[in-house]
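S.K.: Sharing a structure below in structure tokens format, with a few things to ask.
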Amino acid sequence: MLKPQEAFQIVQDIPVPRQKVQVPLIDCLGGILMEDLVADRDFPPFDRVMMDGIAISNVMIRTWKVEGTAYAGEVQKTLVDPNAAWEIMTGSPLPKNAVAVIKVEDLEFVEKEGERWVSCKNESIDRGNFIHQRGSDILQGQVILKKGTRLKANQIAIAASIGYSKLWIERLGEIHVFSTGDELVPIEATPLDHQIRSSNSIMMQSALKHVGIASQHHHLPDDPTIIHQALTTSLVKSDILLLSGGVSAGKKDYIPGILKDLGFEAKFHKIAQKPGKPLWVGSRADGKVIFAFPGNPISTLVCFSIYFLSWLQDKKTSFPQVKITGLPAPLANLDHWIPIQWTSEQQAQVLKHNGSGDLVHWQHADALAWQKANDTSEVLIYFPL
Ligand SMILES: Nc1nc2c(c(=O)[nH]1)N[C@H]1C(S)=C(S)[C@@H](COP(=O)(O)OP(=O)(O)OC[C@H]3O[C@@H](n4cnc5c(N)ncnc54)[C@H](O)[C@@H]3O)O[C@H]1N2
Ligand code: MOO
């Protein structure tokens, strides 16, 4: 049977299916840019004043007559008298002939016989002071955002500043999440004695929502015809399906067979790990990918977090180490994911629980310690939850 690290690598090597779409800029976050974007003008487009204060051309004198006031949003002014100054505000174009800006905190203004004068005690005034020079960030016609860039908020701002209200991007489509099993009822239902409320799908959908991915949920009974039909319909719209339940050895564990009938090739079915042994992952020639998680809530949680989310987010999973008290004896043939809780910054203790169907005790888990088969060490690597 596959070791977790082998399974992890196989999953990482599956291409994440993405859709090519043109969407409003507000919806582009997290998408991958499909074209180079070019600066439509110099940035900044004019010599931009960086501080509220005055703009001057003579840096050798310390008192200037004020010729006028220039605000952001006004056309560029001209400093006519070489020994005079313009009062200027942050964001305004530097007046023609000015060579430096002095900030208002270093200035004193006085009114004399109907004229406004300004003086400054600074010892030296450097030319270019507080001037964000035209084209110093980028010149018109140069590539400002490269094709293939994953768009974060600051890159969305750049696209806006060069006039793109829509972009062509590659992004994840909606993920379809399926719970399966005749024993499951919706959250709001009152279960009969032999029934339980479904919790796996809302767990996965919440985690997806947290990372900004839209999903929809459907429940399926243990009926192969209905499952086959529902998955066929879903695969027309969605590139990634997440299923929980029906993948182990029970008489109604139909999922692997149905996925084969739908044209999916299993990358693997079963990993030498506990919990989560019967995880099924596969893909189809059209690039669609299905993760079918073992139904026990903790098995779904562990497989979803460790294998699926790291794949989806293209994250190199980091595995730091911690010293752990209360470890059980290692298993002979399976790697063991053990819930641990921090006792200090350096140490953690094992949480007692009743197996992978026990959501209650696992609520306190801060991380999953990875105890490899036959490994008796008390210092283990872990996966934060
Ligand atoms: N003979 C064997 N039996 C089992 C094996 C095995 O190798 N041989 N593997 C065990 C392991 S490990 C796991 S994990 C489970 C996984 O089984 P399935 O994927 O077939 O899941 P189900 O049988 O459908 O359900 C298992 C358990 O989880 C509950 N469940 C399912 N879906 C949900 C949900 N959406 N919300 C909450 N709880 C859910 C379900 O009611 C069952 O109690 O199989 C072992 N058996
Ligand atoms: O995934 Mo199973 O939890 O080992 O019961």
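Convention: chains lettered A, B, ... in structure tokens order; per-chain residue numbering from 1; ligands numbered from 1 as shown.
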Can you tell me which residues sit at most 6 Å away from ligand 2, counting only C-alpha atoms and all ligand atoms, written as a PyMOL selection string?

M.R.: chain A and resi 274-277+294+296+299+356

S.K.: Extract, using only C-alpha atoms, all DNA, RNA and protein residues at most 9 Å from Trp86 (chain A), discarding same-chain residues fewer than 2 positions from it, and format them as a PyMOL selection string.

M.R.: chain A and resi 53-56+65-70+77-79+84+88+95+98

S.K.: Check the smallest atom-to-atom distance from each of A:Leu139, A:Ile169, A:Ile340, A:Val177 to Ile156 (chain A) using only C-alpha atoms, then report the winner.

M.R.: A:Ile169

S.K.: Any residue with an atom at most 8 Å from ligand 1 counts, using only C-alpha atoms and all ligand atoms. Which are they? Put them as a PyMOL selection string.

M.R.: chain A and resi 179-181+183-184+195-201+244-250+252-253+274-279+292-300+356-357

S.K.: Residues near Met50 (chain A), anyone? I mean within 6 Å using only C-alpha atoms, not counting same-chain ones fewer than 6 positions away, as a VMD selection string.

M.R.: chain A and resid 90 130 to 131

S.K.: As an NGL selection string, please: every residue in region 174-359 of chain A that a backbone DSSP assignment puts in helix (DSSP H, G or I).

M.R.: :A and (200-210 or 224-237 or 255-261 or 297-312 or 359)

S.K.: Might you pull out every residue within 10 Å of region 263-267 of chain A, with only C-alpha atoms counted and same-chain residues fewer than 5 positions away left off, and present them as a PyMOL selection string?

M.R.: chain A and resi 7+10-11+14+256-258+280-291

S.K.: Could you work out how far CA of Leu241 (chain A) lies from CA of Leu167 (chain A), giving the answer in Å with one decimal?

M.R.: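 That distance, rounded to one decimal, is 26.5 Å.
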
S.K.: May I have all residues of region 320-364 of chain A that DSSP, computed from the backbone, assigns to strand (DSSP E), given as a VMD selection string?

M.R.: chain A and resid 321 to 325 335 to 342 347 to 350

S.K.: Please write the residues from the selection above to a file, keeping C-alpha atoms, as a PDB file, in the first residue's frame.

M.R.:
```
ATOM      1  CA  GLN A 321       8.635  19.121  14.734  1.00  0.00           C
ATOM      2  CA  VAL A 322       7.382  18.946  18.301  1.00  0.00           C
ATOM      3  CA  LYS A 323       8.015  16.833  21.390  1.00  0.00           C
ATOM      4  CA  ILE A 324       4.860  14.938  22.323  1.00  0.00           C
ATOM      5  CA  THR A 325       3.775  13.266  25.550  1.00  0.00           C
ATOM      6  CA  ASP A 335       1.451   5.622   9.516  1.00  0.00           C
ATOM      7  CA  HIS A 336      -0.651   7.196  12.246  1.00  0.00           C
ATOM      8  CA  TRP A 337      -2.086  10.753  12.244  1.00  0.00           C
ATOM      9  CA  ILE A 338      -2.480  11.556  15.926  1.00  0.00           C
ATOM     10  CA  PRO A 339      -4.434  14.553  17.242  1.00  0.00           C
ATOM     11  CA  ILE A 340      -2.284  16.703  19.524  1.00  0.00           C
ATOM     12  CA  GLN A 341      -2.900  19.732  21.694  1.00  0.00           C
ATOM     13  CA  TRP A 342      -0.233  22.288  22.674  1.00  0.00           C
ATOM     14  CA  GLN A 347       5.479  20.597  23.656  1.00  0.00           C
ATOM     15  CA  ALA A 348       2.195  18.931  22.893  1.00  0.00           C
ATOM     16  CA  GLN A 349       0.137  16.111  24.347  1.00  0.00           C
ATOM     17  CA  VAL A 350      -1.881  13.434  22.624  1.00  0.00           C
TER      18      VAL A 350
END
```

S.K.: Excluding Asn83 (chain A) and its own-chain neighbours fewer than 4 positions away, which residues fall within 7 Å of it when counting only C-alpha atoms? Please give them as an MDAnalysis selection string.

M.R.: chainID A and resid 57:58 64

S.K.: Using only C-alpha atoms, which residue out of A:Gly141, A:Leu301, A:His132, A:Ile162 lies closest to Gln205 (chain A)?

M.R.: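 Smallest separation from Gln205 (chain A) among the options: A:Leu301.
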
S.K.: Between A:Leu94, A:Val104, A:Ile202, A:Leu327, single out the one closest to Pro45 (chain A), counting only C-alpha atoms.

M.R.: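 So, comparing all the options, the nearest one is A:Leu94.
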
S.K.: Ranking A:Phe43, A:Glu170, A:Pro191, A:Met60 by minimum distance to Ile158 (chain A) and counting only C-alpha atoms, which one comes first?

M.R.: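 Residue with the minimum atom-to-atom distance to Ile158 (chain A): A:Phe43.
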
S.K.: Could you check the closest approach to Phe8 (chain A) for each of A:Trp311, A:Leu220, A:Leu242, A:Phe319 and tell me which residue wins, using only C-alpha atoms?

M.R.: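 So, comparing all the options, the nearest one is A:Trp311.
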
S.K.: With only C-alpha atoms as the counted atoms, please give the residues lying no more than 7 Å from region 113-120 of chain A, apart from itself and same-chain residues fewer than 2 positions off, as a PyMOL selection string.

M.R.: chain A and resi 62-66+106-111+122

S.K.: Between A:Gln22, A:Gln12, A:Gln133, A:Asn333, which residue has the minimum interatomic distance to Ser165 (chain A), considering only C-alpha atoms?

M.R.: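 Among A:Gln22, A:Gln12, A:Gln133, A:Asn333, it is A:Gln22 that comes nearest to Ser165 (chain A).
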
S.K.: For region 35-109 of chain A against region 142-151 of chain A, with a cut-off of 6 Å and counting only C-alpha atoms, what is the closest atom pair and its distance in Å to one decimal for every residue that makes the cut, ordered by chain and number, as CSV?

M.R.:
```
residue,atom,partner,partner_atom,distance
A:Glu35,CA,A:Lys147,CA,4.5
A:Asp36,CA,A:Lys147,CA,4.5
A:Leu37,CA,A:Leu145,CA,5.1
A:Val38,CA,A:Val143,CA,4.3
A:Ala39,CA,A:Gln142,CA,5.7
```
